[in-house]
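Some notes on the structure that comes next.
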Amino acid sequence: MAALVLTHARFQLIETARTPIAVIGSAFWPAASMLAFVVPFVGDDPVAATYATASMVTFAVMSTNLFSYGVGVADDRVQPWEPYVRTLPAGALPRFAGRLLSGLALMAFSLLPVVVIAATLTRASVSPAEFLLAAGATAVIAVPFILMGLAIGYSMPPKAAVVVAQVLFFPLAFGGGLMTAPGSAPGFVENLAPYLPTGASVRLMWAAVGNYPLRPGSVLSLIAWIVTLAAVALWAYRRDEGRRFS
Amino acid sequence: MMLARAIEVSRRYGDTLALDNVSLDIAPGELVGLLGPNGAGKSTLLSLLTGVRSVTSGRVELLGGDPRRPVSRQCLGVTPQETGLPASLRVGEVVDFVRRHYPDPLPRDEVLAQFGLTDLVRRQTGGLSGGEKRRVAVALAFAGRPRIVFLDEPTTGLDVEARRSLWDGIRHFQGGGGTVVLTSHYLEEVEALARRVVVIGGGRVLADDTVEAVRGLVAVRRVSLTSPVPPPVLPGVSATDREGDRWHLLTPDSDRLVRDLVAADVPFTDLEVRPTSLEEAFLTLTERNTEESWLLSS
């Protein structure tokens, strides 16, 4: 089973790596957003810059996964290769886990510029322990968004997947408090955020890089989202039969 | 034990009934040709037997289990559509990807050599010719050392030589105890390989018999002629079609029909005799079937 997961992950990574523009593109937007929004506004404040970088990482994790999985999987499903892979003796698990692994690897690559910019162009700073914690937290918070992407990708055609990803994207970012410093979002956002996957995720990130107090509510909410989205993604995968006359 | 079974299977897509109460048994070591026009339900039947889709009613079995469960597919080999190979991956990588899914696959070099792909191992599949892609697709069906393979149009787009060598490969696999289910547009291909033929039309099994018996059913010729008067009713004509003063007669014995037309002094011009395409023959078979039920009893 583990070997099959690696096989699927490797297959995904090779495919992606042979289209280098896709890899570069996924690294471009988070870096550009750092330069446009974080460096000029909070770059001089060590605490604010650190939190803002953590928010930006969360933002990038959400958008990259929502689009690359939601739209990517929906696109794959209309290719004739997908029904063929379903005749191979493998179930959903190695395929999902393989996509998860390859997604994490690509994300690590695309977040590298964000970390470099934060370290060199802002006064954001973390201790080595905090850095490792943050890296671990990044991997954890990627999971719900990868699963959300899979759920979208396996339940709708590519055009619908693009729209749904776009529609979800902004309310999740705003409602989760990604666009504001910790504690300074409008009141209703502060109340709602811990129960959105974005808000629960960014709180974990803030706690990893600073002194932000982590509350059990947001941790439980993150776990609940992971379980729920995994169930939805699995359900969508099982009921999917590809195109009707493929 | 039957290697693959469909038991009173129906499959619906919304309001369309793609398969209507189909039953089929495939025994170990058989080489079965599956024929039918496009949209007849052939692809749907294959997708049910290989676990891609699920039945609306009835039951399918693959090696005694539910083909939707991965473990039932461990001895199954299928050809992907050649247009669907992942374009950026190399031939060797695709073969390895497929092999790694099986408990006891063929060695990579053996798969490549058997299908003449050794020289293509480093090529990306997107850059291959149509015939090369087809060979990769067929090789993938055998990569996992299957007991049963489903070959969907295995030689479409291959030249005669490549087609013959692939036929040899399929015969070799069957000779070693393998089971083959083959779909094809080429009647010649089915005749060359299969002993048993199943004809699907309108979502049902129209005929399930030996090649000889089915060939008799679909060997129909079209005799076309221009004549100012309608041709008389002649024996053996199964259908008559008219476009102005152009007449099209369908018959299993065109030689006799031409002799009869001459003997009857029909003032015809522009006589043309051609074999009906397989597609037309199936249509005839399908239409005939709605009127007469004798085909079903065969």
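Order determines the names: the first chain of the structure tokens is A, the second B, and so forth; residues in each chain are numbered 1 upward, and ligands are numbered 1 upward as they are shown.
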Please, which residues of segment 66-286 of chain B, numbered as in this document, come out strand (DSSP E) from DSSP, as a tab-separated table (two decimals) with all heavy atoms, in the first residue's frame?
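Here's the written file states-v3.tsv:
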```
chain	number	residue	atom	x	y	z
B	76	LEU	N	-6.97	-8.60	-13.72
B	76	LEU	CA	-7.64	-7.98	-14.86
B	76	LEU	C	-6.67	-7.08	-15.62
B	76	LEU	O	-5.90	-6.35	-15.02
B	76	LEU	CB	-8.82	-7.14	-14.34
B	76	LEU	CG	-9.47	-6.16	-15.32
B	76	LEU	CD1	-10.26	-6.90	-16.38
B	76	LEU	CD2	-10.38	-5.19	-14.57
B	77	GLY	N	-6.73	-7.16	-16.94
B	77	GLY	CA	-5.96	-6.22	-17.77
B	77	GLY	C	-6.90	-5.54	-18.73
B	77	GLY	O	-7.78	-6.17	-19.31
B	78	VAL	N	-6.73	-4.22	-18.92
B	78	VAL	CA	-7.62	-3.45	-19.78
B	78	VAL	C	-6.76	-2.53	-20.66
B	78	VAL	O	-5.73	-2.04	-20.21
B	78	VAL	CB	-8.61	-2.60	-18.94
B	78	VAL	CG1	-9.50	-1.75	-19.82
B	78	VAL	CG2	-9.45	-3.49	-18.04
B	148	ILE	N	-7.42	-12.38	-17.27
B	148	ILE	CA	-8.41	-11.99	-18.27
B	148	ILE	C	-8.11	-10.57	-18.76
B	148	ILE	O	-7.80	-9.69	-17.95
B	148	ILE	CB	-9.85	-12.09	-17.71
B	148	ILE	CG1	-10.88	-11.67	-18.77
B	148	ILE	CG2	-10.03	-11.27	-16.44
B	148	ILE	CD1	-12.32	-12.03	-18.41
B	149	VAL	N	-8.12	-10.38	-20.07
B	149	VAL	CA	-7.91	-9.03	-20.61
B	149	VAL	C	-9.13	-8.60	-21.42
B	149	VAL	O	-9.78	-9.42	-22.08
B	149	VAL	CB	-6.66	-8.94	-21.52
B	149	VAL	CG1	-5.39	-9.07	-20.72
B	149	VAL	CG2	-6.71	-9.95	-22.64
B	150	PHE	N	-9.43	-7.31	-21.33
B	150	PHE	CA	-10.47	-6.70	-22.15
B	150	PHE	C	-9.77	-5.76	-23.12
B	150	PHE	O	-9.18	-4.77	-22.70
B	150	PHE	CB	-11.46	-5.90	-21.29
B	150	PHE	CG	-12.35	-6.78	-20.45
B	150	PHE	CD1	-11.87	-7.36	-19.28
B	150	PHE	CD2	-13.66	-7.04	-20.82
B	150	PHE	CE1	-12.68	-8.17	-18.51
B	150	PHE	CE2	-14.48	-7.85	-20.06
B	150	PHE	CZ	-13.99	-8.42	-18.90
B	151	LEU	N	-9.79	-6.11	-24.40
B	151	LEU	CA	-9.10	-5.32	-25.40
B	151	LEU	C	-10.12	-4.57	-26.22
B	151	LEU	O	-10.90	-5.17	-26.96
B	151	LEU	CB	-8.25	-6.22	-26.30
B	151	LEU	CG	-7.27	-7.15	-25.58
B	151	LEU	CD1	-6.56	-8.05	-26.58
B	151	LEU	CD2	-6.25	-6.35	-24.79
B	152	ASP	N	-10.14	-3.25	-26.06
B	152	ASP	CA	-11.12	-2.43	-26.76
B	152	ASP	C	-10.47	-1.88	-28.03
B	152	ASP	O	-9.59	-1.04	-27.95
B	152	ASP	CB	-11.57	-1.30	-25.83
B	152	ASP	CG	-12.87	-0.67	-26.29
B	152	ASP	OD1	-13.44	-1.15	-27.29
B	152	ASP	OD2	-13.32	0.30	-25.67
B	179	THR	N	-7.60	-15.53	-20.88
B	179	THR	CA	-8.95	-15.29	-21.39
B	179	THR	C	-9.00	-13.89	-22.00
B	179	THR	O	-8.44	-12.96	-21.42
B	179	THR	CB	-9.96	-15.40	-20.23
B	179	THR	OG1	-9.77	-16.66	-19.60
B	179	THR	CG2	-11.39	-15.28	-20.72
B	180	VAL	N	-9.65	-13.78	-23.16
B	180	VAL	CA	-9.64	-12.50	-23.87
B	180	VAL	C	-11.07	-12.11	-24.26
B	180	VAL	O	-11.82	-12.93	-24.77
B	180	VAL	CB	-8.80	-12.59	-25.17
B	180	VAL	CG1	-8.78	-11.25	-25.89
B	180	VAL	CG2	-7.38	-13.07	-24.87
B	181	VAL	N	-11.42	-10.86	-23.97
B	181	VAL	CA	-12.65	-10.30	-24.50
B	181	VAL	C	-12.22	-9.13	-25.39
B	181	VAL	O	-11.48	-8.25	-24.97
B	181	VAL	CB	-13.58	-9.79	-23.39
B	181	VAL	CG1	-14.84	-9.18	-24.00
B	181	VAL	CG2	-13.94	-10.93	-22.44
B	182	LEU	N	-12.67	-9.18	-26.64
B	182	LEU	CA	-12.15	-8.30	-27.66
B	182	LEU	C	-13.30	-7.56	-28.32
B	182	LEU	O	-14.27	-8.17	-28.72
B	182	LEU	CB	-11.45	-9.21	-28.68
B	182	LEU	CG	-10.92	-8.68	-29.97
B	182	LEU	CD1	-9.54	-8.14	-29.72
B	182	LEU	CD2	-10.84	-9.81	-30.97
B	183	THR	N	-13.19	-6.23	-28.42
B	183	THR	CA	-14.17	-5.53	-29.24
B	183	THR	C	-13.45	-5.02	-30.46
B	183	THR	O	-12.27	-4.71	-30.42
B	183	THR	CB	-14.78	-4.31	-28.53
B	183	THR	OG1	-13.83	-3.24	-28.53
B	183	THR	CG2	-15.19	-4.63	-27.12
B	196	ARG	N	-15.94	-17.52	-30.46
B	196	ARG	CA	-17.30	-17.16	-30.05
B	196	ARG	C	-17.51	-15.65	-30.25
B	196	ARG	O	-16.61	-14.87	-29.98
B	196	ARG	CB	-17.46	-17.51	-28.57
B	196	ARG	CG	-18.77	-17.10	-27.95
B	196	ARG	CD	-18.77	-17.48	-26.48
B	196	ARG	NE	-19.85	-16.83	-25.78
B	196	ARG	CZ	-19.86	-16.62	-24.46
B	196	ARG	NH1	-18.84	-17.03	-23.72
B	196	ARG	NH2	-20.86	-16.02	-23.89
B	197	VAL	N	-18.68	-15.30	-30.72
B	197	VAL	CA	-18.98	-13.89	-30.96
B	197	VAL	C	-20.28	-13.53	-30.27
B	197	VAL	O	-21.26	-14.26	-30.33
B	197	VAL	CB	-19.12	-13.61	-32.48
B	197	VAL	CG1	-19.59	-12.19	-32.72
B	197	VAL	CG2	-17.81	-13.84	-33.18
B	198	VAL	N	-20.24	-12.38	-29.60
B	198	VAL	CA	-21.45	-11.86	-28.97
B	198	VAL	C	-21.78	-10.54	-29.67
B	198	VAL	O	-20.94	-9.66	-29.75
B	198	VAL	CB	-21.23	-11.62	-27.46
B	198	VAL	CG1	-22.47	-10.99	-26.84
B	198	VAL	CG2	-20.87	-12.93	-26.76
B	199	VAL	N	-22.99	-10.45	-30.23
B	199	VAL	CA	-23.41	-9.21	-30.90
B	199	VAL	C	-24.35	-8.46	-29.98
B	199	VAL	O	-25.35	-9.01	-29.50
B	199	VAL	CB	-24.10	-9.50	-32.25
B	199	VAL	CG1	-24.50	-8.19	-32.91
B	199	VAL	CG2	-23.19	-10.31	-33.15
B	200	ILE	N	-24.00	-7.20	-29.72
B	200	ILE	CA	-24.82	-6.34	-28.85
B	200	ILE	C	-25.48	-5.29	-29.72
B	200	ILE	O	-24.84	-4.69	-30.59
B	200	ILE	CB	-23.95	-5.63	-27.81
B	200	ILE	CG1	-23.09	-6.63	-27.07
B	200	ILE	CG2	-24.79	-4.78	-26.88
B	200	ILE	CD1	-23.51	-6.96	-25.70
B	201	GLY	N	-26.75	-5.06	-29.52
B	201	GLY	CA	-27.45	-4.00	-30.25
B	201	GLY	C	-28.61	-3.52	-29.41
B	201	GLY	O	-29.30	-4.34	-28.79
B	204	ARG	N	-29.05	-4.91	-25.92
B	204	ARG	CA	-29.34	-6.33	-25.65
B	204	ARG	C	-28.37	-7.24	-26.41
B	204	ARG	O	-27.73	-6.82	-27.37
B	204	ARG	CB	-30.77	-6.65	-26.07
B	204	ARG	CG	-31.78	-5.98	-25.14
B	204	ARG	CD	-33.15	-6.52	-25.36
B	204	ARG	NE	-33.67	-6.15	-26.67
B	204	ARG	CZ	-34.76	-6.69	-27.19
B	204	ARG	NH1	-35.41	-7.63	-26.55
B	204	ARG	NH2	-35.18	-6.30	-28.37
B	205	VAL	N	-28.31	-8.49	-25.98
B	205	VAL	CA	-27.51	-9.47	-26.70
B	205	VAL	C	-28.35	-9.99	-27.85
B	205	VAL	O	-29.38	-10.62	-27.64
B	205	VAL	CB	-27.09	-10.64	-25.78
B	205	VAL	CG1	-26.38	-11.71	-26.59
B	205	VAL	CG2	-26.19	-10.13	-24.67
B	206	LEU	N	-27.93	-9.68	-29.09
B	206	LEU	CA	-28.71	-10.09	-30.26
B	206	LEU	C	-28.31	-11.47	-30.73
B	206	LEU	O	-29.11	-12.22	-31.27
B	206	LEU	CB	-28.52	-9.10	-31.41
B	206	LEU	CG	-28.95	-7.67	-31.15
B	206	LEU	CD1	-28.75	-6.83	-32.40
B	206	LEU	CD2	-30.40	-7.62	-30.70
B	207	ALA	N	-27.05	-11.78	-30.56
B	207	ALA	CA	-26.59	-13.10	-30.97
B	207	ALA	C	-25.40	-13.47	-30.11
B	207	ALA	O	-24.61	-12.61	-29.73
B	207	ALA	CB	-26.18	-13.08	-32.44
B	208	ASP	N	-25.29	-14.73	-29.76
B	208	ASP	CA	-24.17	-15.22	-28.97
B	208	ASP	C	-23.89	-16.62	-29.51
B	208	ASP	O	-24.57	-17.57	-29.17
B	208	ASP	CB	-24.57	-15.24	-27.48
B	208	ASP	CG	-23.42	-15.72	-26.60
B	208	ASP	OD1	-22.39	-16.20	-27.15
B	208	ASP	OD2	-23.55	-15.62	-25.37
B	209	ASP	N	-22.92	-16.70	-30.44
B	209	ASP	CA	-22.78	-17.94	-31.18
B	209	ASP	C	-21.36	-18.07	-31.72
B	209	ASP	O	-20.52	-17.23	-31.46
B	209	ASP	CB	-23.80	-17.95	-32.33
B	209	ASP	CG	-24.30	-19.36	-32.62
B	209	ASP	OD1	-23.50	-20.31	-32.51
B	209	ASP	OD2	-25.49	-19.50	-32.96
B	210	THR	N	-21.14	-19.10	-32.54
B	210	THR	CA	-19.83	-19.24	-33.17
B	210	THR	C	-19.65	-18.18	-34.24
B	210	THR	O	-20.62	-17.59	-34.71
B	210	THR	CB	-19.70	-20.62	-33.84
B	210	THR	OG1	-20.70	-20.68	-34.86
B	210	THR	CG2	-19.89	-21.74	-32.86
B	221	ARG	N	-25.23	-8.20	-48.73
B	221	ARG	CA	-24.68	-7.29	-49.73
B	221	ARG	C	-25.76	-6.35	-50.22
B	221	ARG	O	-26.95	-6.67	-50.19
B	221	ARG	CB	-24.09	-8.08	-50.90
B	221	ARG	CG	-22.74	-8.63	-50.55
B	221	ARG	CD	-22.24	-9.62	-51.56
B	221	ARG	NE	-21.04	-10.24	-51.04
B	221	ARG	CZ	-19.81	-9.79	-51.30
B	221	ARG	NH1	-19.64	-8.75	-52.08
B	221	ARG	NH2	-18.76	-10.40	-50.79
B	222	ARG	N	-25.29	-5.20	-50.69
B	222	ARG	CA	-26.21	-4.21	-51.21
B	222	ARG	C	-26.05	-4.15	-52.73
B	222	ARG	O	-24.96	-3.92	-53.24
B	222	ARG	CB	-25.90	-2.85	-50.60
B	222	ARG	CG	-26.71	-1.71	-51.18
B	222	ARG	CD	-26.11	-0.39	-50.75
B	222	ARG	NE	-26.35	-0.20	-49.33
B	222	ARG	CZ	-27.20	0.72	-48.85
B	222	ARG	NH1	-27.83	1.51	-49.67
B	222	ARG	NH2	-27.38	0.84	-47.57
B	223	VAL	N	-27.14	-4.41	-53.44
B	223	VAL	CA	-27.13	-4.33	-54.90
B	223	VAL	C	-27.90	-3.06	-55.28
B	223	VAL	O	-29.07	-2.93	-54.93
B	223	VAL	CB	-27.80	-5.57	-55.52
B	223	VAL	CG1	-27.87	-5.44	-57.04
B	223	VAL	CG2	-27.04	-6.85	-55.12
B	224	SER	N	-27.21	-2.11	-55.96
B	224	SER	CA	-27.86	-0.86	-56.33
B	224	SER	C	-28.00	-0.81	-57.84
B	224	SER	O	-27.10	-1.25	-58.57
B	224	SER	CB	-27.02	0.33	-55.86
B	224	SER	OG	-26.84	0.27	-54.47
B	225	LEU	N	-29.11	-0.27	-58.33
B	225	LEU	CA	-29.31	-0.16	-59.76
B	225	LEU	C	-30.28	0.98	-60.06
B	225	LEU	O	-31.05	1.40	-59.18
B	225	LEU	CB	-29.84	-1.48	-60.33
B	225	LEU	CG	-31.04	-2.11	-59.62
B	225	LEU	CD1	-32.34	-1.71	-60.30
B	225	LEU	CD2	-30.90	-3.62	-59.62
B	226	THR	N	-30.18	1.50	-61.28
B	226	THR	CA	-31.13	2.53	-61.71
B	226	THR	C	-32.11	1.89	-62.68
B	226	THR	O	-31.70	1.18	-63.61
B	226	THR	CB	-30.37	3.66	-62.43
B	226	THR	OG1	-29.38	4.15	-61.52
B	226	THR	CG2	-31.30	4.81	-62.80
B	239	ALA	N	-34.43	-6.42	-47.99
B	239	ALA	CA	-34.91	-5.04	-47.84
B	239	ALA	C	-34.76	-4.31	-49.16
B	239	ALA	O	-33.84	-4.59	-49.93
B	239	ALA	CB	-34.13	-4.33	-46.75
B	240	THR	N	-35.68	-3.40	-49.43
B	240	THR	CA	-35.62	-2.60	-50.66
B	240	THR	C	-35.74	-1.13	-50.28
B	240	THR	O	-36.56	-0.77	-49.45
B	240	THR	CB	-36.79	-2.98	-51.60
B	240	THR	OG1	-36.76	-4.38	-51.82
B	240	THR	CG2	-36.67	-2.25	-52.93
B	241	ASP	N	-34.87	-0.33	-50.89
B	241	ASP	CA	-34.83	1.09	-50.57
B	241	ASP	C	-34.85	1.87	-51.87
B	241	ASP	O	-34.27	1.42	-52.85
B	241	ASP	CB	-33.50	1.37	-49.83
B	241	ASP	CG	-33.72	2.33	-48.69
B	241	ASP	OD1	-34.89	2.57	-48.34
B	241	ASP	OD2	-32.71	2.81	-48.15
B	242	ARG	N	-35.52	3.02	-51.92
B	242	ARG	CA	-35.65	3.74	-53.17
B	242	ARG	C	-35.25	5.20	-53.02
B	242	ARG	O	-35.64	5.85	-52.06
B	242	ARG	CB	-37.10	3.66	-53.63
B	242	ARG	CG	-37.33	4.34	-54.93
B	242	ARG	CD	-38.79	4.33	-55.31
B	242	ARG	NE	-38.96	5.07	-56.56
B	242	ARG	CZ	-40.10	5.16	-57.22
B	242	ARG	NH1	-41.17	4.55	-56.74
B	242	ARG	NH2	-40.17	5.86	-58.31
B	243	GLU	N	-34.43	5.69	-53.96
B	243	GLU	CA	-34.14	7.13	-54.03
B	243	GLU	C	-34.43	7.53	-55.46
B	243	GLU	O	-33.59	7.32	-56.32
B	243	GLU	CB	-32.67	7.44	-53.74
B	243	GLU	CG	-32.19	7.16	-52.33
B	243	GLU	CD	-30.67	7.22	-52.27
B	243	GLU	OE1	-30.09	8.22	-52.76
B	243	GLU	OE2	-30.06	6.27	-51.78
B	246	ARG	N	-33.41	5.23	-58.34
B	246	ARG	CA	-32.27	4.41	-57.87
B	246	ARG	C	-32.80	3.46	-56.81
B	246	ARG	O	-33.45	3.88	-55.84
B	246	ARG	CB	-31.20	5.34	-57.29
B	246	ARG	CG	-29.90	4.66	-56.93
B	246	ARG	CD	-28.95	4.60	-58.10
B	246	ARG	NE	-27.71	3.92	-57.73
B	246	ARG	CZ	-27.05	3.11	-58.54
B	246	ARG	NH1	-27.48	2.90	-59.77
B	246	ARG	NH2	-25.93	2.54	-58.15
B	247	TRP	N	-32.52	2.16	-57.00
B	247	TRP	CA	-33.03	1.15	-56.07
B	247	TRP	C	-31.87	0.47	-55.36
B	247	TRP	O	-30.85	0.18	-55.96
B	247	TRP	CB	-33.86	0.10	-56.82
B	247	TRP	CG	-35.02	0.71	-57.55
B	247	TRP	CD1	-34.99	1.30	-58.79
B	247	TRP	CD2	-36.36	0.81	-57.09
B	247	TRP	NE1	-36.22	1.76	-59.13
B	247	TRP	CE2	-37.10	1.48	-58.11
B	247	TRP	CE3	-37.03	0.40	-55.93
B	247	TRP	CZ2	-38.45	1.75	-57.99
B	247	TRP	CZ3	-38.38	0.66	-55.83
B	247	TRP	CH2	-39.09	1.34	-56.84
B	248	HIS	N	-32.04	0.25	-54.05
B	248	HIS	CA	-31.02	-0.47	-53.27
B	248	HIS	C	-31.66	-1.73	-52.68
B	248	HIS	O	-32.66	-1.65	-51.97
B	248	HIS	CB	-30.49	0.39	-52.12
B	248	HIS	CG	-29.94	1.72	-52.57
B	248	HIS	ND1	-28.73	1.86	-53.19
B	248	HIS	CD2	-30.49	2.96	-52.51
B	248	HIS	CE1	-28.52	3.14	-53.48
B	248	HIS	NE2	-29.58	3.83	-53.08
B	249	LEU	N	-31.11	-2.89	-53.06
B	249	LEU	CA	-31.67	-4.16	-52.57
B	249	LEU	C	-30.64	-4.83	-51.67
B	249	LEU	O	-29.46	-4.92	-52.03
B	249	LEU	CB	-31.98	-5.08	-53.76
B	249	LEU	CG	-32.78	-4.44	-54.91
B	249	LEU	CD1	-32.89	-5.40	-56.08
B	249	LEU	CD2	-34.17	-4.04	-54.43
B	250	LEU	N	-31.06	-5.30	-50.53
B	250	LEU	CA	-30.17	-6.02	-49.62
B	250	LEU	C	-30.42	-7.51	-49.73
B	250	LEU	O	-31.57	-7.95	-49.70
B	250	LEU	CB	-30.38	-5.57	-48.17
B	250	LEU	CG	-29.97	-4.13	-47.83
B	250	LEU	CD1	-30.14	-3.89	-46.33
B	250	LEU	CD2	-28.53	-3.86	-48.24
B	251	THR	N	-29.34	-8.27	-49.89
B	251	THR	CA	-29.49	-9.71	-50.04
B	251	THR	C	-28.25	-10.44	-49.55
B	251	THR	O	-27.15	-9.90	-49.66
B	251	THR	CB	-29.72	-10.09	-51.52
B	251	THR	OG1	-29.75	-11.52	-51.64
B	251	THR	CG2	-28.60	-9.57	-52.41
B	269	THR	N	-29.63	-0.01	-65.28
B	269	THR	CA	-28.32	0.55	-65.64
B	269	THR	C	-27.56	0.83	-64.34
B	269	THR	O	-28.16	0.80	-63.25
B	269	THR	CB	-28.48	1.88	-66.40
B	269	THR	OG1	-29.34	2.73	-65.63
B	269	THR	CG2	-29.10	1.66	-67.78
B	270	ASP	N	-26.26	1.12	-64.50
B	270	ASP	CA	-25.43	1.49	-63.34
B	270	ASP	C	-25.50	0.47	-62.20
B	270	ASP	O	-25.68	0.83	-61.04
B	270	ASP	CB	-25.85	2.87	-62.79
B	270	ASP	CG	-25.47	3.97	-63.76
B	270	ASP	OD1	-24.53	3.74	-64.55
B	270	ASP	OD2	-26.12	5.03	-63.71
B	271	LEU	N	-25.35	-0.79	-62.53
B	271	LEU	CA	-25.39	-1.82	-61.49
B	271	LEU	C	-24.16	-1.71	-60.59
B	271	LEU	O	-23.04	-1.50	-61.05
B	271	LEU	CB	-25.41	-3.21	-62.15
B	271	LEU	CG	-25.49	-4.38	-61.16
B	271	LEU	CD1	-26.90	-4.50	-60.60
B	271	LEU	CD2	-25.08	-5.68	-61.82
B	272	GLU	N	-24.39	-1.83	-59.31
B	272	GLU	CA	-23.30	-1.72	-58.34
B	272	GLU	C	-23.54	-2.74	-57.24
B	272	GLU	O	-24.65	-2.81	-56.69
B	272	GLU	CB	-23.30	-0.30	-57.77
B	272	GLU	CG	-22.09	0.06	-56.97
B	272	GLU	CD	-22.21	1.46	-56.36
B	272	GLU	OE1	-23.34	1.96	-56.22
B	272	GLU	OE2	-21.17	2.01	-56.04
B	273	VAL	N	-22.53	-3.55	-56.93
B	273	VAL	CA	-22.65	-4.53	-55.83
B	273	VAL	C	-21.57	-4.22	-54.83
B	273	VAL	O	-20.40	-4.11	-55.19
B	273	VAL	CB	-22.47	-5.96	-56.35
B	273	VAL	CG1	-22.60	-6.95	-55.19
B	273	VAL	CG2	-23.48	-6.29	-57.43
B	274	ARG	N	-21.95	-4.03	-53.58
B	274	ARG	CA	-20.89	-3.84	-52.58
B	274	ARG	C	-21.28	-4.49	-51.27
B	274	ARG	O	-22.48	-4.62	-50.96
B	274	ARG	CB	-20.56	-2.37	-52.40
B	274	ARG	CG	-21.70	-1.52	-51.91
B	274	ARG	CD	-21.23	-0.08	-51.76
B	274	ARG	NE	-22.31	0.76	-51.33
B	274	ARG	CZ	-22.63	0.95	-50.06
B	274	ARG	NH1	-21.94	0.36	-49.11
B	274	ARG	NH2	-23.64	1.73	-49.75
B	275	PRO	N	-20.28	-4.94	-50.53
B	275	PRO	CA	-20.60	-5.54	-49.23
B	275	PRO	C	-21.11	-4.46	-48.30
B	275	PRO	O	-20.65	-3.32	-48.36
B	275	PRO	CB	-19.25	-6.08	-48.74
B	275	PRO	CG	-18.21	-5.36	-49.53
B	275	PRO	CD	-18.84	-4.87	-50.79
```
Point to revise | Selection near segment 110-114 of chain B, 12 Å with only C-alpha atoms, sequence-local residues under 4 positions removed, as a ChimeraX atom specification | key: /B:91-96,98-99,105-106,118-122,132,135-145,165-166,168-170,172-173
Those selected residues, please, written with C-alpha atoms and delivered as an mmCIF file, in the first residue's frame.
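The resulting file, part-v6.cif, is shown below:
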```
data_model
loop_
_atom_site.group_PDB
_atom_site.id
_atom_site.type_symbol
_atom_site.label_atom_id
_atom_site.label_comp_id
_atom_site.auth_asym_id
_atom_site.auth_seq_id
_atom_site.Cartn_x
_atom_site.Cartn_y
_atom_site.Cartn_z
ATOM 1 C CA VAL B 91 6.632 5.001 -22.161
ATOM 2 C CA GLY B 92 8.748 3.266 -19.510
ATOM 3 C CA GLU B 93 7.217 5.374 -16.738
ATOM 4 C CA VAL B 94 3.657 4.587 -17.800
ATOM 5 C CA VAL B 95 4.441 0.865 -18.006
ATOM 6 C CA ASP B 96 6.015 0.979 -14.529
ATOM 7 C CA VAL B 98 0.686 0.224 -14.256
ATOM 8 C CA ARG B 99 2.942 -2.704 -13.271
ATOM 9 C CA PRO B 105 3.599 -8.201 -12.864
ATOM 10 C CA LEU B 106 5.630 -9.077 -15.950
ATOM 11 C CA THR B 118 12.008 -1.334 -26.318
ATOM 12 C CA ASP B 119 13.286 1.515 -28.488
ATOM 13 C CA LEU B 120 10.494 3.828 -27.336
ATOM 14 C CA VAL B 121 11.103 3.447 -23.603
ATOM 15 C CA ARG B 122 12.489 6.989 -23.161
ATOM 16 C CA GLU B 132 2.830 3.450 -31.335
ATOM 17 C CA ARG B 135 0.821 -0.622 -28.985
ATOM 18 C CA VAL B 136 1.577 1.003 -25.630
ATOM 19 C CA ALA B 137 -2.125 0.850 -24.750
ATOM 20 C CA VAL B 138 -2.311 -2.867 -25.557
ATOM 21 C CA ALA B 139 0.957 -3.563 -23.703
ATOM 22 C CA LEU B 140 -0.531 -1.987 -20.566
ATOM 23 C CA ALA B 141 -3.348 -4.555 -20.598
ATOM 24 C CA PHE B 142 -0.781 -7.351 -20.285
ATOM 25 C CA ALA B 143 1.692 -5.654 -17.924
ATOM 26 C CA GLY B 144 0.111 -6.995 -14.736
ATOM 27 C CA ARG B 145 0.215 -10.664 -15.815
ATOM 28 C CA SER B 165 2.047 -9.404 -34.832
ATOM 29 C CA LEU B 166 -0.436 -8.224 -32.234
ATOM 30 C CA ASP B 168 0.035 -13.478 -32.637
ATOM 31 C CA GLY B 169 0.563 -11.969 -29.204
ATOM 32 C CA ILE B 170 -3.108 -12.354 -28.333
ATOM 33 C CA HIS B 172 -0.007 -16.662 -27.535
ATOM 34 C CA PHE B 173 -1.657 -15.253 -24.400
#
```
Point to revise | Those in segment 22-123 of chain A with alpha helix (DSSP H) from DSSP, as a ChimeraX atom specification | key: /A:22-33,39-42,46-77,81-85,92-121
Check your understanding: For chain B against chain A, which residues fall within 9 Å using only C-alpha atoms, given as a ChimeraX atom specification?
Key -> /B:13,39,43-44,47,50-54,67-89,93-94,96-98,100-102
Exercise for review: Write out as a PyMOL selection string which residues come within 10 Å of Asn38 of chain B when counting only C-alpha atoms, dropping same-chain ones fewer than 2 positions away.
Suggested key: chain B and resi 35-36+40-43+185+200-202+279
Practice item. Kindly give the distance, in Å, that separates atom CA of Ser218 of chain A and atom CA of Ser201 of chain A, rounded to a single decimal. Key: 8.1 Å
Practice item. Could you give me, as a list in words, the residues within 8 Å of Val266 of chain B, counting only C-alpha atoms and dropping anything in the same chain fewer than 5 positions from it? Key: Ser227, Val229, Pro231 and Leu261 of chain B
